[in-house]
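Q: File name entry-v5.tsv; file contents TSV, C-alpha atoms; full text below.
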chain	number	residue	atom	x	y	z
A	1	MET	CA	57.27	-75.46	-110.58
A	2	ILE	CA	55.88	-77.66	-107.79
A	3	SER	CA	54.66	-81.16	-108.58
A	4	PRO	CA	51.70	-82.41	-106.56
A	5	PHE	CA	51.71	-85.84	-108.18
A	6	ALA	CA	53.84	-88.93	-107.96
A	7	ALA	CA	52.89	-89.90	-111.50
A	8	SER	CA	53.66	-87.63	-114.41
A	9	ALA	CA	51.03	-85.09	-115.39
A	10	ASP	CA	50.93	-86.47	-118.95
A	11	SER	CA	49.71	-89.86	-117.69
A	12	MET	CA	46.58	-88.32	-116.16
A	13	SER	CA	43.37	-87.71	-117.97
A	14	SER	CA	41.99	-85.54	-115.20
A	15	ILE	CA	43.04	-83.57	-112.16
A	16	GLN	CA	41.76	-84.78	-108.79
A	17	ILE	CA	40.81	-82.18	-106.20
A	18	ASP	CA	42.09	-84.21	-103.24
A	19	ARG	CA	45.63	-84.27	-104.66
A	20	LEU	CA	45.52	-80.52	-105.20
A	21	LEU	CA	44.28	-79.92	-101.65
A	22	ASP	CA	46.93	-82.26	-100.24
A	23	THR	CA	49.53	-80.13	-102.03
A	24	VAL	CA	48.10	-76.90	-100.61
A	25	ILE	CA	48.32	-78.32	-97.08
A	26	ARG	CA	51.76	-79.89	-97.56
A	27	GLN	CA	53.24	-76.73	-99.07
A	28	ASP	CA	51.46	-74.53	-96.48
A	29	ALA	CA	50.07	-72.36	-99.29
A	30	SER	CA	47.47	-69.72	-98.46
A	31	ASP	CA	45.40	-70.15	-101.65
A	32	LEU	CA	44.80	-72.40	-104.65
A	33	HIS	CA	43.75	-70.79	-107.96
A	34	ILE	CA	41.97	-72.90	-110.59
A	35	SER	CA	41.48	-71.08	-113.88
A	36	VAL	CA	40.96	-72.30	-117.45
A	37	GLY	CA	44.03	-71.95	-119.68
A	38	ARG	CA	46.53	-72.17	-116.82
A	39	LYS	CA	47.97	-74.84	-114.57
A	40	PRO	CA	46.62	-74.95	-110.98
A	41	THR	CA	48.45	-72.23	-109.08
A	42	LEU	CA	49.36	-71.84	-105.41
A	43	ARG	CA	49.95	-68.63	-103.48
A	44	LEU	CA	53.06	-69.27	-101.41
A	45	SER	CA	54.32	-66.54	-99.06
A	46	GLY	CA	52.27	-64.04	-101.03
A	47	ARG	CA	53.58	-65.08	-104.46
A	48	LEU	CA	51.94	-67.20	-107.18
A	49	ARG	CA	53.58	-70.52	-108.11
A	50	SER	CA	52.23	-72.86	-110.83
A	51	LEU	CA	51.98	-76.59	-110.16
A	52	ASP	CA	53.71	-79.05	-112.48
A	53	THR	CA	50.59	-80.55	-114.03
A	54	LYS	CA	48.37	-80.14	-117.08
A	55	VAL	CA	46.93	-76.82	-118.24
A	56	LEU	CA	43.26	-76.82	-117.23
A	57	ASP	CA	40.41	-76.70	-119.72
A	58	ASN	CA	36.78	-75.85	-118.91
A	59	GLU	CA	35.88	-79.52	-118.52
A	60	ASP	CA	38.54	-79.86	-115.80
A	61	ALA	CA	37.33	-76.73	-114.01
A	62	VAL	CA	33.69	-77.83	-114.07
A	63	ALA	CA	34.59	-81.31	-112.77
A	64	LEU	CA	36.67	-79.82	-109.94
A	65	MET	CA	33.87	-77.38	-109.08
A	66	LYS	CA	31.21	-80.13	-108.96
A	67	SER	CA	33.40	-82.31	-106.74
A	68	ILE	CA	33.33	-79.78	-103.88
A	69	THR	CA	30.38	-77.41	-104.43
A	70	PRO	CA	27.05	-78.06	-102.63
A	71	GLU	CA	23.90	-78.19	-104.76
A	72	ARG	CA	22.52	-74.92	-103.34
A	73	CYS	CA	25.77	-73.16	-104.28
A	74	GLN	CA	25.76	-74.67	-107.78
A	75	GLN	CA	22.26	-73.24	-108.16
A	76	GLU	CA	23.49	-69.83	-106.97
A	77	LEU	CA	26.36	-70.03	-109.48
A	78	GLN	CA	23.85	-70.70	-112.27
A	79	GLU	CA	21.64	-67.78	-111.23
A	80	HIS	CA	24.18	-65.14	-110.19
A	81	GLY	CA	27.47	-66.17	-111.81
A	82	SER	CA	29.32	-66.67	-108.50
A	83	THR	CA	29.04	-68.36	-105.12
A	84	ASP	CA	31.00	-68.66	-101.87
A	85	PHE	CA	31.07	-71.43	-99.28
A	86	GLY	CA	33.29	-73.24	-96.82
A	87	PHE	CA	34.00	-76.95	-96.52
A	88	ALA	CA	36.02	-79.30	-94.34
A	89	TYR	CA	38.70	-81.45	-95.97
A	90	GLY	CA	38.42	-84.39	-93.60
A	91	ASP	CA	40.01	-83.45	-90.29
A	92	ARG	CA	43.07	-81.90	-91.94
A	93	ALA	CA	41.87	-78.39	-92.80
A	94	ARG	CA	38.97	-76.22	-93.90
A	95	PHE	CA	38.78	-74.23	-97.10
A	96	ARG	CA	36.89	-71.06	-97.98
A	97	VAL	CA	35.87	-71.30	-101.64
A	98	ALA	CA	34.89	-68.68	-104.22
A	99	VAL	CA	33.53	-70.07	-107.52
A	100	PHE	CA	32.77	-67.65	-110.35
A	101	ARG	CA	32.29	-67.43	-114.10
A	102	GLN	CA	34.69	-65.49	-116.30
A	103	ARG	CA	34.55	-65.37	-120.11
A	104	GLY	CA	31.99	-68.18	-119.92
A	105	ASN	CA	34.35	-70.50	-118.01
A	106	ILE	CA	34.53	-71.59	-114.37
A	107	SER	CA	37.25	-70.28	-112.05
A	108	ILE	CA	37.79	-71.29	-108.41
A	109	VAL	CA	39.84	-69.80	-105.59
A	110	LEU	CA	40.28	-71.85	-102.42
A	111	ARG	CA	41.65	-70.23	-99.25
A	112	LEU	CA	43.26	-72.61	-96.73
A	113	ILE	CA	41.96	-72.26	-93.18
A	114	PRO	CA	44.15	-74.33	-90.86
A	115	ASN	CA	42.35	-76.46	-88.27
A	116	GLU	CA	44.77	-75.31	-85.59
A	117	LEU	CA	43.86	-72.00	-83.97
A	118	LEU	CA	46.88	-69.76	-83.43
A	119	THR	CA	47.88	-68.02	-80.19
A	120	PHE	CA	48.46	-64.31	-79.54
A	121	ASP	CA	52.22	-64.89	-79.56
A	122	GLN	CA	52.16	-66.86	-82.82
A	123	ILE	CA	50.43	-64.10	-84.78
A	124	GLY	CA	52.03	-61.21	-82.88
A	125	LEU	CA	48.88	-59.45	-81.66
A	126	PRO	CA	49.56	-56.44	-79.40
A	127	GLU	CA	49.53	-57.53	-75.74
A	128	ILE	CA	46.92	-54.92	-74.79
A	129	VAL	CA	44.36	-56.87	-76.87
A	130	ARG	CA	44.15	-59.52	-74.10
A	131	GLU	CA	43.02	-56.85	-71.66
A	132	LEU	CA	40.53	-55.21	-74.02
A	133	ILE	CA	38.69	-58.44	-74.88
A	134	ARG	CA	38.02	-59.03	-71.19
A	135	ARG	CA	35.67	-56.04	-71.26
A	136	PRO	CA	31.97	-56.90	-70.94
A	137	ARG	CA	30.83	-54.46	-73.65
A	138	GLY	CA	32.03	-52.39	-76.59
A	139	LEU	CA	32.85	-52.59	-80.29
A	140	PHE	CA	36.22	-54.02	-81.42
A	141	ILE	CA	36.86	-53.58	-85.15
A	142	VAL	CA	39.49	-55.47	-87.17
A	143	THR	CA	40.27	-53.97	-90.58
A	144	GLY	CA	42.50	-54.54	-93.57
A	145	PRO	CA	42.37	-55.55	-97.23
A	146	THR	CA	41.21	-58.98	-98.36
A	147	GLY	CA	43.71	-61.64	-97.36
A	148	SER	CA	45.31	-59.60	-94.57
A	149	GLY	CA	44.56	-62.12	-91.82
A	150	LYS	CA	41.50	-60.48	-90.23
A	151	THR	CA	39.68	-63.79	-89.82
A	152	THR	CA	42.72	-65.41	-88.19
A	153	SER	CA	43.13	-62.54	-85.72
A	154	LEU	CA	39.46	-62.67	-84.78
A	155	ALA	CA	39.55	-66.46	-84.42
A	156	THR	CA	42.49	-66.12	-82.02
A	157	MET	CA	40.60	-63.57	-79.90
A	158	ILE	CA	37.41	-65.68	-79.83
A	159	ASP	CA	39.42	-68.79	-78.90
A	160	HIS	CA	41.13	-66.89	-76.06
A	161	ILE	CA	37.74	-65.86	-74.65
A	162	ASN	CA	36.42	-69.38	-75.18
A	163	MET	CA	39.30	-70.91	-73.18
A	164	SER	CA	39.44	-68.27	-70.44
A	165	TYR	CA	35.92	-67.06	-69.60
A	166	ASP	CA	32.40	-68.40	-69.23
A	167	ARG	CA	30.62	-66.52	-71.99
A	168	HIS	CA	27.96	-67.20	-74.59
A	169	ILE	CA	29.60	-66.44	-77.94
A	170	VAL	CA	27.48	-66.05	-81.09
A	171	THR	CA	29.29	-65.69	-84.43
A	172	VAL	CA	27.72	-64.66	-87.74
A	173	GLU	CA	29.93	-65.56	-90.72
A	174	ASP	CA	29.75	-65.89	-94.51
A	175	PRO	CA	30.95	-68.60	-94.70
A	176	ILE	CA	32.05	-70.13	-91.38
A	177	GLU	CA	35.83	-70.46	-91.58
A	178	TYR	CA	37.37	-71.51	-88.26
A	179	TYR	CA	35.29	-73.95	-86.21
A	180	HIS	CA	35.10	-73.15	-82.49
A	181	TYR	CA	34.13	-75.90	-80.06
A	182	HIS	CA	32.63	-75.39	-76.60
A	183	LYS	CA	35.38	-74.95	-74.00
A	184	LYS	CA	34.78	-72.70	-71.00
A	185	SER	CA	32.31	-70.72	-73.12
A	186	VAL	CA	29.29	-71.83	-75.14
A	187	VAL	CA	29.87	-71.07	-78.85
A	188	ASN	CA	27.15	-70.96	-81.51
A	189	GLN	CA	28.21	-70.22	-85.10
A	190	ARG	CA	25.63	-69.12	-87.68
A	191	GLU	CA	26.37	-69.12	-91.41
A	192	VAL	CA	24.70	-66.52	-93.64
A	193	GLY	CA	22.73	-68.25	-96.39
A	194	VAL	CA	22.53	-71.52	-94.43
A	195	ASP	CA	21.40	-70.72	-90.87
A	196	VAL	CA	20.21	-67.14	-91.36
A	197	PRO	CA	19.45	-64.97	-94.42
A	198	SER	CA	21.64	-61.93	-93.64
A	199	PHE	CA	24.10	-60.39	-91.18
A	200	SER	CA	21.62	-57.74	-90.04
A	201	GLU	CA	18.87	-60.32	-89.42
A	202	ALA	CA	21.30	-62.52	-87.47
A	203	LEU	CA	22.32	-59.56	-85.30
A	204	ARG	CA	18.72	-58.63	-84.54
A	205	ARG	CA	17.97	-62.23	-83.56
A	206	ALA	CA	21.21	-62.57	-81.57
A	207	LEU	CA	20.10	-60.01	-79.01
A	208	ARG	CA	17.35	-62.45	-77.93
A	209	GLN	CA	19.79	-65.34	-77.54
A	210	ASP	CA	21.44	-64.19	-74.27
A	211	PRO	CA	24.84	-63.47	-75.88
A	212	ASP	CA	27.85	-62.02	-74.09
A	213	VAL	CA	30.07	-61.87	-77.19
A	214	ILE	CA	28.96	-61.39	-80.81
A	215	LEU	CA	31.22	-61.74	-83.85
A	216	VAL	CA	30.03	-60.09	-87.08
A	217	GLY	CA	32.00	-61.54	-89.99
A	218	GLU	CA	31.65	-58.37	-92.06
A	219	MET	CA	29.89	-55.01	-91.63
A	220	ARG	CA	28.98	-54.86	-95.30
A	221	ASP	CA	25.92	-52.58	-95.26
A	222	LEU	CA	24.27	-49.82	-93.24
A	223	ASP	CA	21.78	-52.16	-91.52
A	224	THR	CA	24.60	-54.39	-90.25
A	225	ILE	CA	26.73	-51.45	-89.07
A	226	GLU	CA	23.72	-49.99	-87.25
A	227	ALA	CA	22.87	-53.33	-85.63
A	228	ALA	CA	26.49	-53.91	-84.51
A	229	ILE	CA	26.70	-50.48	-82.84
A	230	ALA	CA	23.32	-51.05	-81.17
A	231	ALA	CA	24.46	-54.45	-79.85
A	232	ALA	CA	27.60	-52.89	-78.38
A	233	GLU	CA	25.52	-50.09	-76.85
A	234	THR	CA	23.15	-52.53	-75.16
A	235	GLY	CA	25.89	-54.27	-73.19
A	236	HIS	CA	27.59	-56.81	-75.46
A	237	LEU	CA	31.18	-57.25	-76.62
A	238	VAL	CA	30.97	-57.06	-80.43
A	239	PHE	CA	33.76	-57.96	-82.86
A	240	ALA	CA	33.44	-56.90	-86.49
A	241	THR	CA	35.50	-56.45	-89.66
A	242	LEU	CA	35.71	-53.79	-92.36
A	243	HIS	CA	37.75	-53.59	-95.57
A	244	THR	CA	39.43	-50.32	-94.65
A	245	THR	CA	43.02	-49.23	-94.03
A	246	GLY	CA	44.06	-47.31	-90.93
A	247	ALA	CA	42.22	-46.49	-87.72
A	248	SER	CA	41.03	-42.99	-88.62
A	249	GLY	CA	39.87	-44.16	-92.07
A	250	THR	CA	37.81	-46.90	-90.40
A	251	ILE	CA	35.98	-44.44	-88.15
A	252	ASN	CA	35.30	-42.12	-91.10
A	253	ARG	CA	34.03	-45.06	-93.19
A	254	ILE	CA	31.50	-46.01	-90.49
A	255	ILE	CA	30.27	-42.45	-90.04
A	256	ASP	CA	30.05	-41.80	-93.80
A	257	ALA	CA	27.85	-44.90	-94.22
A	258	PHE	CA	25.03	-43.03	-92.45
A	259	PRO	CA	22.84	-40.25	-93.87
A	260	THR	CA	24.16	-36.76	-93.09
A	261	ASN	CA	21.40	-36.02	-90.58
A	262	GLN	CA	22.41	-39.09	-88.48
A	263	GLN	CA	26.18	-38.61	-88.51
A	264	GLU	CA	26.41	-36.45	-85.40
A	265	GLN	CA	24.45	-39.05	-83.43
A	266	ILE	CA	26.67	-41.85	-84.74
A	267	ARG	CA	29.80	-39.95	-83.68
A	268	VAL	CA	28.42	-39.78	-80.15
A	269	GLN	CA	27.50	-43.49	-80.20
A	270	LEU	CA	30.93	-44.50	-81.53
A	271	SER	CA	32.73	-42.34	-78.96
A	272	VAL	CA	30.95	-44.31	-76.23
A	273	THR	CA	30.92	-47.84	-77.70
A	274	LEU	CA	34.15	-48.16	-79.71
A	275	LEU	CA	36.88	-50.02	-77.80
A	276	ALA	CA	39.62	-50.35	-80.37
A	277	VAL	CA	40.50	-50.57	-84.07
A	278	LEU	CA	43.10	-53.11	-85.19
A	279	SER	CA	44.23	-52.48	-88.79
A	280	GLN	CA	46.54	-55.06	-90.31
A	281	GLN	CA	48.52	-56.09	-93.37
A	282	LEU	CA	50.23	-59.36	-94.27
A	283	LEU	CA	53.77	-59.17	-95.67
A	284	SER	CA	56.22	-61.64	-97.19
A	285	ARG	CA	59.15	-62.31	-94.86
A	286	SER	CA	62.71	-61.84	-96.03
A	287	ASP	CA	64.38	-63.68	-93.12
A	288	LYS	CA	62.64	-67.05	-93.73
A	289	PRO	CA	59.75	-68.54	-95.73
A	290	GLY	CA	56.30	-67.37	-94.69
A	291	ARG	CA	54.46	-64.17	-93.92
A	292	VAL	CA	54.26	-61.77	-91.00
A	293	ALA	CA	51.48	-59.43	-89.90
A	294	SER	CA	51.97	-55.72	-89.35
A	295	TYR	CA	49.50	-53.84	-87.18
A	296	GLU	CA	48.13	-50.38	-86.58
A	297	PHE	CA	46.33	-50.26	-83.24
A	298	LEU	CA	44.02	-47.62	-81.83
A	299	VAL	CA	42.72	-47.82	-78.26
A	300	VAL	CA	39.81	-45.46	-77.63
A	301	THR	CA	40.86	-43.38	-74.62
A	302	PRO	CA	38.75	-40.45	-73.32
A	303	ALA	CA	40.90	-38.08	-75.42
A	304	ILE	CA	40.29	-40.09	-78.61
A	305	ALA	CA	36.59	-40.41	-77.77
A	306	ASN	CA	36.48	-36.60	-77.73
A	307	LEU	CA	38.14	-36.45	-81.18
A	308	ILE	CA	35.50	-38.81	-82.57
A	309	ARG	CA	32.64	-36.91	-80.96
A	310	GLU	CA	33.94	-33.52	-82.15
A	311	ASN	CA	34.59	-34.73	-85.75
A	312	LYS	CA	38.36	-34.30	-85.44
A	313	THR	CA	39.40	-37.73	-86.70
A	314	PHE	CA	42.22	-36.09	-88.72
A	315	ARG	CA	44.06	-35.78	-85.39
A	316	ILE	CA	43.80	-39.47	-84.51
A	317	ASP	CA	47.12	-40.45	-86.14
A	318	SER	CA	49.04	-38.01	-83.97
A	319	ALA	CA	47.08	-39.22	-80.92
A	320	ILE	CA	48.15	-42.80	-81.74
A	321	GLN	CA	51.79	-41.65	-81.90
A	322	THR	CA	51.57	-40.14	-78.43
A	323	GLY	CA	49.54	-43.05	-77.04
A	324	LYS	CA	52.24	-45.74	-76.99
A	325	LYS	CA	51.81	-46.15	-73.22
A	326	PHE	CA	48.28	-47.42	-73.96
A	327	GLY	CA	49.63	-49.97	-76.47
A	328	MET	CA	48.87	-47.89	-79.57
A	329	GLN	CA	51.01	-47.87	-82.70
A	330	LEU	CA	50.89	-46.62	-86.27
A	331	LEU	CA	51.17	-49.12	-89.12
A	332	ASP	CA	54.25	-47.42	-90.59
A	333	ASP	CA	56.05	-47.49	-87.23
A	334	HIS	CA	55.44	-51.23	-86.94
A	335	LEU	CA	56.57	-51.75	-90.55
A	336	TRP	CA	59.76	-49.84	-89.78
A	337	GLY	CA	60.42	-52.02	-86.74
A	338	LEU	CA	60.03	-55.18	-88.83
A	339	PHE	CA	62.38	-53.73	-91.46
A	340	GLU	CA	65.01	-52.76	-88.88
A	341	ARG	CA	64.96	-56.31	-87.45
A	342	GLY	CA	65.43	-57.78	-90.93
A	343	VAL	CA	62.06	-59.51	-90.97
A	344	ILE	CA	60.89	-57.75	-94.17
A	345	ASP	CA	62.77	-56.02	-96.96
A	346	ALA	CA	62.50	-52.37	-97.96
A	347	GLU	CA	60.37	-53.03	-101.04
A	348	GLU	CA	57.75	-54.97	-99.08
A	349	MET	CA	57.65	-52.27	-96.40
A	350	ILE	CA	57.14	-49.47	-98.95
A	351	ASP	CA	54.47	-51.44	-100.83
A	352	LYS	CA	52.33	-51.77	-97.69
A	353	ALA	CA	53.06	-48.39	-96.07
A	354	ARG	CA	50.43	-45.71	-95.55
A	355	ASP	CA	53.03	-42.99	-96.21
A	356	ALA	CA	55.51	-44.55	-98.64
A	357	SER	CA	57.46	-41.33	-99.25
A	358	GLU	CA	58.16	-40.78	-95.54
A	359	LEU	CA	59.43	-44.35	-95.09
A	360	THR	CA	61.54	-43.99	-98.24
A	361	ASN	CA	63.13	-40.87	-96.74
A	362	ARG	CA	63.77	-42.72	-93.46
A	363	ILE	CA	65.56	-45.47	-95.39
A	364	HIS	CA	67.75	-42.89	-97.11
A	365	ARG	CA	68.51	-41.18	-93.79
A	366	VAL	CA	69.98	-44.41	-92.40
A	367	GLY	CA	72.12	-44.82	-95.51
A	368	LYS	CA	70.17	-47.59	-97.24
A	369	SER	CA	68.44	-47.76	-100.60
A	370	VAL	CA	64.97	-48.91	-101.55
A	371	GLY	CA	65.88	-50.64	-104.82
A	372	ARG	CA	62.97	-51.65	-107.03
A	373	THR	CA	60.33	-49.47	-105.35
A	374	GLU	CA	62.48	-46.36	-105.64
A	375	LEU	CA	62.80	-46.96	-109.38
A	376	ASP	CA	59.04	-47.58	-109.65
A	377	GLN	CA	58.30	-44.28	-107.90
A	378	ALA	CA	60.75	-42.43	-110.15
A	379	ASP	CA	59.01	-43.92	-113.20
A	380	GLN	CA	55.58	-42.84	-111.89
A	381	ALA	CA	56.86	-39.35	-111.18
A	382	SER	CA	58.17	-38.97	-114.74
A	383	ALA	CA	55.04	-40.45	-116.34
As structure tokens, how would this structure be written, given the file I've shared?

A:
Amino acid sequence: MISPFAASADSMSSIQIDRLLDTVIRQDASDLHISVGRKPTLRLSGRLRSLDTKVLDNEDAVALMKSITPERCQQELQEHGSTDFGFAYGDRARFRVAVFRQRGNISIVLRLIPNELLTFDQIGLPEIVRELIRRPRGLFIVTGPTGSGKTTSLATMIDHINMSYDRHIVTVEDPIEYYHYHKKSVVNQREVGVDVPSFSEALRRALRQDPDVILVGEMRDLDTIEAAIAAAETGHLVFATLHTTGASGTINRIIDAFPTNQQEQIRVQLSVTLLAVLSQQLLSRSDKPGRVASYEFLVVTPAIANLIRENKTFRIDSAIQTGKKFGMQLLDDHLWGLFERGVIDAEEMIDKARDASELTNRIHRVGKSVGRTELDQADQASA
């Protein structure tokens, strides 16, 4: 266990949030979990590690919640049973916070957002991304499960534009995570629930604010998806996120969000406006402490635009395989490259793969074994 305190846990009557947050920053943890009946717990390199302190009761959880939660969010918690917000911990870091009720008690999850914006090289974004985000218009979608680093990738792209070009950048986020300050560009960040009631409303208003670049924190409903596509169509560079896996799955998810009688029109609009889809996963490293991102990247060429328009998205994966000269890559190919270089182990690769059986066969063909995952799959097969 990790001790965040100089004094012993037994000598303390209560847990102080600042000491917990100091520990998160010092240990470079990604998350802090506060839940009744368990010690405060960090997520380090993707794995949960309990702190060496007292087991929390509901009184502790409520006190910790009240010490960081704005009044409006406490009211939302009372009315709806959960709330989300972001806050700055001095000048050291920002945290994204989810507070919710479970079994009548309070639980809190805090996600660390470092103050320092990362570079393309630090997070390993494909080089072609630099060229694509110079474009004056189009839709660039970043996808992946929760906690896969979508926000960090988008923050890196926005910061690159901010440093390199004179643009007006409008972001719509829930909540604001990374702060962007005016550099070569002018940056205005709007928080849903604080500055504007919804993503779709913010997007409608943004078109009157002379934007060059618009960031949509999440395309979570049909109105927002429709507004994002319209903004890209009318001559803006639009960044957005979706909780999908894989490039072709992302395109299908967008199209399926529309009524059947509109889907053909949306295919045509997407074929014209979509620039790229970046789908990513975060994996625990085996070569050193920390995590590494793995990417699937689709660049919309005229050939891929035709596949979208003609409802042949099932052929996109093979088009990505043959489009390496355009900077495209499949997730499983990138995972295999990380495995071959010793950055990740076989189990981690298989866990995050889109086609686990194919990668398992590739491992066997090079004379290696999968270990735990192979046994898990055998158990599932016999179940």

Q: Counting all atoms listed in the file, write as a PyMOL selection string all protein and nucleic acid residues lying at most 9 Å from (21.8, -53.6, -91.3) in the file's frame.

A: chain A and resi 198-201+203-204+219-228

Q: Let's have the selection written as a compact mmCIF listing (two decimals), in the frame of the given file, with C-alpha atoms.

A:
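Once written, selection.txt looks like this:
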# COMPACT_ATOMS: atom_id res chain seq x y z
CA SER A 198 21.64 -61.93 -93.64
CA PHE A 199 24.10 -60.39 -91.18
CA SER A 200 21.62 -57.74 -90.04
CA GLU A 201 18.87 -60.32 -89.42
CA LEU A 203 22.32 -59.56 -85.30
CA ARG A 204 18.72 -58.63 -84.54
CA MET A 219 29.89 -55.01 -91.63
CA ARG A 220 28.98 -54.86 -95.30
CA ASP A 221 25.92 -52.58 -95.26
CA LEU A 222 24.27 -49.82 -93.24
CA ASP A 223 21.78 -52.16 -91.52
CA THR A 224 24.60 -54.39 -90.25
CA ILE A 225 26.73 -51.45 -89.07
CA GLU A 226 23.72 -49.99 -87.25
CA ALA A 227 22.87 -53.33 -85.63
CA ALA A 228 26.49 -53.91 -84.51

Q: If we count only C-alpha atoms and set the cut-off at 10 Å, which residues sit around Phe326 of chain A, ignoring sequence neighbours fewer than 4 positions away in its own chain? Please answer as a VMD selection string.

A: chain A and resid 128 297 to 301 320 322

Q: Of the residues A:Asp287, A:Gly193, A:Pro211, A:Ala98, which is the one nearest to Arg72 of chain A, using all atoms listed in the file?

A: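 With all atoms listed in the file as the atom set, the closest residue is A:Gly193.
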
Q: Would you please work out which residue, of A:Ser107, A:Thr152, A:Thr119, A:Ser369, is nearest to Glu347 of chain A when using all atoms listed in the file?

A: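 Nearest to Glu347 of chain A: A:Ser369.
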
Q: Between A:Ile176, A:Ile141, A:Ile123, A:Ala305, which has the minimum distance to Val194 of chain A (counting only C-alpha atoms)?

A: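 Of A:Ile176, A:Ile141, A:Ile123, A:Ala305, the one nearest Val194 of chain A, counting only C-alpha atoms, is A:Ile176.
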
Q: Within 9 Å of Gly147 of chain A, counting all atoms listed in the file, which residues show up once you throw out same-chain ones fewer than 4 positions away? Write them as an mmCIF file with C-alpha atoms, keeping the file's coordinate frame, please.

A:
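Output file out_37.cif is given in full below:
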data_model
loop_
_atom_site.group_PDB
_atom_site.id
_atom_site.type_symbol
_atom_site.label_atom_id
_atom_site.label_comp_id
_atom_site.auth_asym_id
_atom_site.auth_seq_id
_atom_site.Cartn_x
_atom_site.Cartn_y
_atom_site.Cartn_z
ATOM 1 C CA SER A 30 47.470 -69.720 -98.460
ATOM 2 C CA THR A 151 39.680 -63.790 -89.820
ATOM 3 C CA GLN A 281 48.520 -56.090 -93.370
ATOM 4 C CA LEU A 282 50.230 -59.360 -94.270
#

Q: Kindly indicate which residue among A:Val292, A:Pro175, A:Gly138, A:Lys312 lies nearest to Ala231 of chain A, using all atoms listed in the file for the distances.

A: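 Comparing A:Val292, A:Pro175, A:Gly138, A:Lys312 against Ala231 of chain A, the winner is A:Gly138.
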
Q: Quick one: residues within 10 Å of (51.8, -77.1, -99.0) (file frame), counting only C-alpha atoms, please, as a PyMOL selection string.

A: chain A and resi 2+4+20-31+42-44+112

Q: Taking 2 positions as the minimum chain separation for residues in the same chain, which residues sit within 10 Å of His182 of chain A when counting all atoms listed in the file? Answer as a PyMOL selection string.

A: chain A and resi 159+162-163+168-169+180+184-188

Q: Tell me which of A:Arg111, A:Arg253, A:Arg190, A:His364 sits closest to Ile266 of chain A, counting only C-alpha atoms.

A: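 Distance minimum relative to Ile266 of chain A lands on A:Arg253.
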
Q: Select, from A:Glu191, A:Glu173, A:Glu127, A:Glu340, the residue with the minimum atom-to-atom distance to Ser286 of chain A, counting all atoms listed in the file.

A: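 Nearest candidate to Ser286 of chain A out of A:Glu191, A:Glu173, A:Glu127, A:Glu340: A:Glu340.
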
Q: Measure the distance from atom CA of Val196 of chain A to atom CA of Ile161 of chain A in Å and round it to one decimal.

A: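 It comes out at 24.3 Å.
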